[in-house]
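Enquirer: Attaching a single structure in structure tokens format; questions to follow.
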Amino acid sequence: MQNIQIKNLIVDFDIMNSEGAVTSQKRALDGINLSINEGEFVCILGRNGSGKSTFAKCLNALILPTFGDVLINGMNTKDETKTIEIRKNIGMAFQNPDNQIVASIVEEDIAFGMENLCIDSETMDKRINESLECLGIKDLRYSVTSKLSGGQKQKVSIAGILSMKSKILVLDEPTSMIDKNGRKDLIDRVKRLNKDEKITVILISHYIDEISYADRVIVFNNGKVTMDDTPNNITLRGSELEKYGIMLPYIPKLASALKANGINLKGNEFNVKELCQFLK
Amino acid sequence: MSILEVKNLKYKYDKYDDSSKYAIDDISFNIDEKDFVAIIGESGSGKSTLISHLNGLYKADSGEIYFKDKNIYSKDFDLTNLRFKCGVVFQYPEYQLFSETVIDDVAFGALKKGLSKDEAYDKSYEVLKLLGIEHLKDETPFNLSGGEKRKVAFAGVFVMNPDILIFDEPDAGLDPTSKVKFYNLIKSLNEKFGTTIIYITHNLDDVIEYANKVIVLKKGKVIKIGAPCDVLTDLKVMNDASLDMPYAAQIYHELTSKGYNIDKRKLKFNEIVESLTRLK
């Protein structure tokens, strides 16, 4: 079953001068057509300003299409009577957790979304525990949110989303402030949710090594979808990626440089051991 | 010559709670002029708290900081001047933008520093050009994408020509091409003008590429200071810090374990390509 359908999506933003008068328009998304299936793990890449975050905001009706349609489980985001239902379906974590944290204590912050969904307190308590456990931050349950580090705040805001049990997770650079181990741990946990509970995941990231978790990689450029392929195929299209401001992960980039120096490699090296095999 | 000296610094957030832990726990280090220093550590290790002390925004509970041999906590020390000389760019600096146009925002600091209007705007334009965003000069910062806003915020600090530039995770949210441009820019400021760079990062392969010194934090303490090639290849240090080794260091260990002789001081990307090509 398809749960996200995007049909000829166009989004224009008004450009205003300092007096607030509209002087021109900027096209942020330019004719996007996509279908994302239930349970898919999709990674979205693209340079700054390519339209990734605008696209994410279209999915839960924070931004409405100028033209075209966004359908979530058959519900059109333009239909205001469906907005709440759509937002129950889509959990979204933004780039900056400070924009998303509303309460002063971690457990209250995680409970906020559930309170709005009128979930009873016993279930809330259970889900707070589960989501903290899932992200490995159980010890932060009673911490003051303003005193957490950037990475810890990112985990808390994701815990809040997980506790709402949305069927679709949209993560807009969720790990930008987390160390490499913590980043891997978090994406591992998201991947587990994706596999075990068939949650659809849309991950926007600049860490191209995260594409190895995805079933599908979509590249945005100037508001258009320019590449839509499997992670393996994407890494073989290095020069095309560079055109769109994306660089290969370290190991495929190194493999590509070695090939250029005449070294015979298989072309599917994703880790250090695989790469160094040619030296045997 | 030492530009910044930190001696036995201690700081905790809950000053009246004896059981609370120190966020900065007896930290001492020296930073020389023209150093390019990376501060690394897992989320919550005290990195952001530490740099908030370096331009006097936080006052330590005990310990001292010397800027060019002058104690910044002494009564006659000019803290305002320190903040012009020591520019700090925090996590998500784009939320600090407030002017109506990009160039007004960038020129703000330069005007406050006492430059004439012409000088301030000429210099601001030059900096925008350096960052490749001069075409945005008359736009309102609020219409820009996240990455573009970040570049505007950087420009606002560069324009003040500080002796030390401090960044808190400057590459979070930048696309890979912009990231490389950004690092090359601060590297050229460091090499041409001798600007001291201190930055927090989670991208350890970039530390090998650009930094000459790395400080590793764990639970508010410094566990190691040294050259990136020594520190990041040290298994014990990386384990103690709960950090993953950068790929270059992993390749170094893989090759030495296979009996190959590889120079630890040559772990930059191009040097690794050269070594591997030679070994073949």
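Ordered as shown in the structure tokens, chains take letters A, B, and onward, while each chain numbers its residues from 1 and ligands are numbered from 1 in the order shown.
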What are the residues of chain B that have an atom within 6 Å of an atom of chain A, counting only C-alpha atoms, as number ranges by chain?
Expert: B: 42-44, 100, 145, 147, 172, 175-177, 202
Enquirer: Skipping near chain neighbours, those fewer than 4 positions away, what residues fall within 12 Å of Gly156 (chain B) using only C-alpha atoms, listed as an mmCIF file with N, CA and C atoms, in the first residue's frame?
Expert:
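Saved file out06.cif follows:
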```
data_model
loop_
_atom_site.group_PDB
_atom_site.id
_atom_site.type_symbol
_atom_site.label_atom_id
_atom_site.label_comp_id
_atom_site.auth_asym_id
_atom_site.auth_seq_id
_atom_site.Cartn_x
_atom_site.Cartn_y
_atom_site.Cartn_z
ATOM 1 N N PHE B 84 35.364 41.253 20.852
ATOM 2 C CA PHE B 84 35.699 41.589 19.457
ATOM 3 C C PHE B 84 36.869 40.730 18.973
ATOM 4 N N GLY B 87 35.872 35.852 18.505
ATOM 5 C CA GLY B 87 34.510 35.728 17.959
ATOM 6 C C GLY B 87 33.987 34.312 18.130
ATOM 7 N N VAL B 88 32.831 34.188 18.738
ATOM 8 C CA VAL B 88 32.254 32.853 18.938
ATOM 9 C C VAL B 88 31.014 32.680 18.061
ATOM 10 N N VAL B 89 30.963 31.582 17.334
ATOM 11 C CA VAL B 89 29.759 31.246 16.556
ATOM 12 C C VAL B 89 29.144 30.005 17.205
ATOM 13 N N PRO B 93 23.700 29.288 14.687
ATOM 14 C CA PRO B 93 23.849 30.743 14.758
ATOM 15 C C PRO B 93 22.798 31.481 13.938
ATOM 16 N N GLU B 94 22.167 30.768 12.995
ATOM 17 C CA GLU B 94 21.202 31.445 12.133
ATOM 18 C C GLU B 94 20.019 32.016 12.912
ATOM 19 N N GLN B 96 20.309 33.770 15.399
ATOM 20 C CA GLN B 96 20.717 35.070 15.957
ATOM 21 C C GLN B 96 20.578 36.190 14.925
ATOM 22 N N LEU B 97 20.146 35.858 13.702
ATOM 23 C CA LEU B 97 20.021 36.895 12.666
ATOM 24 C C LEU B 97 18.804 37.756 12.980
ATOM 25 N N PHE B 98 18.915 39.049 12.755
ATOM 26 C CA PHE B 98 17.795 39.912 13.121
ATOM 27 C C PHE B 98 17.580 41.091 12.178
ATOM 28 N N SER B 99 18.578 41.403 11.312
ATOM 29 C CA SER B 99 18.425 42.609 10.480
ATOM 30 C C SER B 99 17.516 42.366 9.284
ATOM 31 N N VAL B 102 20.542 40.920 4.453
ATOM 32 C CA VAL B 102 21.732 40.130 4.763
ATOM 33 C C VAL B 102 22.916 41.045 5.066
ATOM 34 N N ILE B 103 23.123 42.050 4.207
ATOM 35 C CA ILE B 103 24.331 42.882 4.386
ATOM 36 C C ILE B 103 24.234 43.735 5.659
ATOM 37 N N ASP B 104 23.032 44.168 6.024
ATOM 38 C CA ASP B 104 22.872 44.911 7.296
ATOM 39 C C ASP B 104 23.264 44.030 8.464
ATOM 40 N N ASP B 105 22.854 42.774 8.378
ATOM 41 C CA ASP B 105 23.135 41.852 9.473
ATOM 42 C C ASP B 105 24.641 41.631 9.622
ATOM 43 N N VAL B 106 25.306 41.455 8.479
ATOM 44 C CA VAL B 106 26.756 41.201 8.517
ATOM 45 C C VAL B 106 27.495 42.444 9.021
ATOM 46 N N ALA B 107 27.037 43.630 8.581
ATOM 47 C CA ALA B 107 27.749 44.878 8.931
ATOM 48 C C ALA B 107 27.547 45.281 10.390
ATOM 49 N N PHE B 108 26.543 44.717 11.040
ATOM 50 C CA PHE B 108 26.192 45.143 12.401
ATOM 51 C C PHE B 108 27.397 45.135 13.358
ATOM 52 N N GLY B 109 28.112 44.008 13.378
ATOM 53 C CA GLY B 109 29.245 43.872 14.302
ATOM 54 C C GLY B 109 30.363 44.847 13.950
ATOM 55 N N ALA B 110 30.607 44.994 12.632
ATOM 56 C CA ALA B 110 31.685 45.877 12.187
ATOM 57 C C ALA B 110 31.382 47.326 12.582
ATOM 58 N N LEU B 111 30.125 47.740 12.469
ATOM 59 C CA LEU B 111 29.730 49.100 12.865
ATOM 60 C C LEU B 111 29.918 49.278 14.377
ATOM 61 N N LYS B 112 29.525 48.234 15.128
ATOM 62 C CA LYS B 112 29.664 48.300 16.600
ATOM 63 C C LYS B 112 31.133 48.370 17.001
ATOM 64 N N LYS B 113 31.982 47.792 16.135
ATOM 65 C CA LYS B 113 33.415 47.805 16.443
ATOM 66 C C LYS B 113 34.005 49.192 16.178
ATOM 67 N N ALA B 120 32.533 49.492 6.832
ATOM 68 C CA ALA B 120 31.813 48.321 7.345
ATOM 69 C C ALA B 120 31.085 47.597 6.200
ATOM 70 N N TYR B 121 30.417 48.370 5.323
ATOM 71 C CA TYR B 121 29.656 47.724 4.245
ATOM 72 C C TYR B 121 30.573 47.149 3.168
ATOM 73 N N LYS B 123 33.569 45.972 3.655
ATOM 74 C CA LYS B 123 34.161 44.773 4.238
ATOM 75 C C LYS B 123 33.124 43.630 4.291
ATOM 76 N N SER B 124 31.905 44.001 4.622
ATOM 77 C CA SER B 124 30.847 42.981 4.688
ATOM 78 C C SER B 124 30.642 42.339 3.321
ATOM 79 N N TYR B 125 30.671 43.187 2.266
ATOM 80 C CA TYR B 125 30.486 42.654 0.918
ATOM 81 C C TYR B 125 31.630 41.688 0.570
ATOM 82 N N GLU B 126 32.855 42.091 0.953
ATOM 83 C CA GLU B 126 34.019 41.234 0.689
ATOM 84 C C GLU B 126 33.844 39.860 1.351
ATOM 85 N N VAL B 127 33.379 39.894 2.602
ATOM 86 C CA VAL B 127 33.213 38.634 3.337
ATOM 87 C C VAL B 127 32.108 37.786 2.695
ATOM 88 N N LEU B 128 31.022 38.435 2.279
ATOM 89 C CA LEU B 128 29.941 37.686 1.608
ATOM 90 C C LEU B 128 30.484 37.015 0.350
ATOM 91 N N LEU B 131 32.451 33.942 1.051
ATOM 92 C CA LEU B 131 31.580 32.800 1.360
ATOM 93 C C LEU B 131 30.690 32.411 0.182
ATOM 94 N N LYS B 149 21.477 30.721 5.827
ATOM 95 C CA LYS B 149 21.423 31.558 7.032
ATOM 96 C C LYS B 149 22.702 31.389 7.844
ATOM 97 N N ARG B 150 23.149 30.145 7.907
ATOM 98 C CA ARG B 150 24.359 29.865 8.678
ATOM 99 C C ARG B 150 25.549 30.616 8.109
ATOM 100 N N LYS B 151 25.643 30.640 6.762
ATOM 101 C CA LYS B 151 26.775 31.346 6.148
ATOM 102 C C LYS B 151 26.700 32.835 6.466
ATOM 103 N N VAL B 152 25.489 33.394 6.501
ATOM 104 C CA VAL B 152 25.333 34.817 6.846
ATOM 105 C C VAL B 152 25.825 35.052 8.277
ATOM 106 N N MET B 160 34.422 40.980 11.693
ATOM 107 C CA MET B 160 35.051 41.706 12.805
ATOM 108 C C MET B 160 36.548 41.413 12.924
ATOM 109 N N ASN B 161 37.026 40.540 12.048
ATOM 110 C CA ASN B 161 38.455 40.257 11.995
ATOM 111 C C ASN B 161 39.035 39.853 13.354
ATOM 112 N N PRO B 162 38.464 38.883 14.004
ATOM 113 C CA PRO B 162 38.954 38.536 15.341
ATOM 114 C C PRO B 162 40.294 37.797 15.309
ATOM 115 N N LEU B 165 38.886 32.668 16.286
ATOM 116 C CA LEU B 165 37.521 32.329 15.847
ATOM 117 C C LEU B 165 37.135 31.011 16.500
#
```
Enquirer: Any chance you could list, as a tab-separated table (two decimals) with C-alpha atoms, in the first residue's frame, the residues in region 38-245 of chain B that come up helix (DSSP H, G or I) when DSSP is run on the backbone?
Expert:
```tsv
chain	number	residue	atom	x	y	z
B	47	LYS	CA	32.46	20.96	24.81
B	48	SER	CA	29.90	23.76	24.41
B	49	THR	CA	30.15	24.72	28.09
B	50	LEU	CA	33.92	25.00	27.72
B	51	ILE	CA	33.89	27.35	24.75
B	52	SER	CA	31.27	29.56	26.42
B	53	HIS	CA	34.00	30.37	28.94
B	54	LEU	CA	36.61	31.36	26.38
B	79	LEU	CA	35.72	42.01	28.38
B	80	THR	CA	34.07	43.98	25.55
B	81	ASN	CA	37.37	44.12	23.72
B	82	LEU	CA	37.85	40.37	24.31
B	83	ARG	CA	34.53	39.70	22.56
B	84	PHE	CA	35.70	41.59	19.46
B	85	LYS	CA	39.03	39.72	19.51
B	93	PRO	CA	23.85	30.74	14.76
B	94	GLU	CA	21.20	31.44	12.13
B	95	TYR	CA	18.71	32.02	14.93
B	96	GLN	CA	20.72	35.07	15.96
B	102	VAL	CA	21.73	40.13	4.76
B	103	ILE	CA	24.33	42.88	4.39
B	104	ASP	CA	22.87	44.91	7.30
B	105	ASP	CA	23.14	41.85	9.47
B	106	VAL	CA	26.76	41.20	8.52
B	107	ALA	CA	27.75	44.88	8.93
B	108	PHE	CA	26.19	45.14	12.40
B	109	GLY	CA	29.24	43.87	14.30
B	110	ALA	CA	31.68	45.88	12.19
B	111	LEU	CA	29.73	49.10	12.86
B	112	LYS	CA	29.66	48.30	16.60
B	117	LYS	CA	29.59	52.96	7.43
B	118	ASP	CA	31.45	52.74	4.08
B	119	GLU	CA	34.23	50.64	5.54
B	120	ALA	CA	31.81	48.32	7.35
B	121	TYR	CA	29.66	47.72	4.24
B	122	ASP	CA	32.66	47.30	1.89
B	123	LYS	CA	34.16	44.77	4.24
B	124	SER	CA	30.85	42.98	4.69
B	125	TYR	CA	30.49	42.65	0.92
B	126	GLU	CA	34.02	41.23	0.69
B	127	VAL	CA	33.21	38.63	3.34
B	128	LEU	CA	29.94	37.69	1.61
B	129	LYS	CA	31.98	37.20	-1.58
B	130	LEU	CA	34.48	35.00	0.26
B	134	GLU	CA	27.18	38.03	-2.27
B	135	HIS	CA	24.10	37.59	-4.49
B	136	LEU	CA	21.99	37.36	-1.32
B	141	PRO	CA	17.79	36.67	6.02
B	142	PHE	CA	14.49	35.04	6.98
B	143	ASN	CA	13.77	33.88	3.41
B	146	GLY	CA	19.08	26.88	6.89
B	147	GLY	CA	22.55	26.50	5.35
B	148	GLU	CA	22.45	29.95	3.72
B	149	LYS	CA	21.42	31.56	7.03
B	150	ARG	CA	24.36	29.86	8.68
B	151	LYS	CA	26.77	31.35	6.15
B	152	VAL	CA	25.33	34.82	6.85
B	153	ALA	CA	25.91	34.27	10.57
B	154	PHE	CA	29.53	33.22	9.88
B	155	ALA	CA	30.01	36.34	7.77
B	156	GLY	CA	28.85	38.49	10.70
B	157	VAL	CA	31.68	37.11	12.83
B	158	PHE	CA	34.38	37.02	10.10
B	176	PRO	CA	29.34	18.51	1.96
B	177	THR	CA	30.43	20.98	-0.73
B	178	SER	CA	29.67	23.98	1.51
B	179	LYS	CA	31.46	22.20	4.33
B	180	VAL	CA	34.66	21.82	2.30
B	181	LYS	CA	34.41	25.47	1.18
B	182	PHE	CA	33.91	26.56	4.79
B	183	TYR	CA	36.90	24.62	6.10
B	184	ASN	CA	39.10	25.83	3.24
B	185	LEU	CA	38.06	29.39	4.06
B	186	ILE	CA	38.91	29.15	7.77
B	187	LYS	CA	42.13	27.32	6.88
B	188	SER	CA	43.12	30.22	4.62
B	189	LEU	CA	42.24	32.75	7.37
B	190	ASN	CA	44.42	30.67	9.67
B	191	GLU	CA	47.34	30.46	7.22
B	192	LYS	CA	47.21	33.95	5.65
B	193	PHE	CA	46.21	36.09	8.61
B	204	LEU	CA	36.98	13.24	13.00
B	205	ASP	CA	38.24	12.68	9.45
B	206	ASP	CA	38.01	16.45	8.98
B	207	VAL	CA	40.08	16.92	12.15
B	208	ILE	CA	42.92	14.97	10.51
B	209	GLU	CA	42.50	17.07	7.37
B	210	TYR	CA	42.58	20.53	8.96
B	228	PRO	CA	45.44	14.61	15.52
B	229	CYS	CA	47.58	11.83	13.98
B	230	ASP	CA	48.76	10.76	17.46
B	231	VAL	CA	45.52	11.21	19.40
B	235	LEU	CA	43.01	3.04	20.60
B	236	LYS	CA	42.93	3.59	24.35
B	237	VAL	CA	42.13	7.30	24.12
B	238	MET	CA	39.38	6.72	21.57
B	239	ASN	CA	37.89	3.91	23.65
B	240	ASP	CA	38.05	5.98	26.83
```
Enquirer: Give me, as a list in words, the residues of region 98-279 of chain A that a backbone DSSP run labels strand (DSSP E or B).
Expert: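 Here are the strand (DSSP E or B) residues of region 98-279 of chain A: Ile105, Val144, Ile168, Leu169, Val170, Leu171, Asp172, Thr200, Val201, Ile202, Leu203, Ile204, Arg216, Val217, Ile218, Val219, Phe220, Asn221, Lys224, Val225, Thr226, Met227, Asp228 and Asp229 of chain A.
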Enquirer: For Ile110 (chain A), which residue among A:Lys7, A:Lys78, A:Lys167, A:Lys126 is the nearest when counting only C-alpha atoms?
Expert: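 Closest to Ile110 (chain A), using only C-alpha atoms: A:Lys126.
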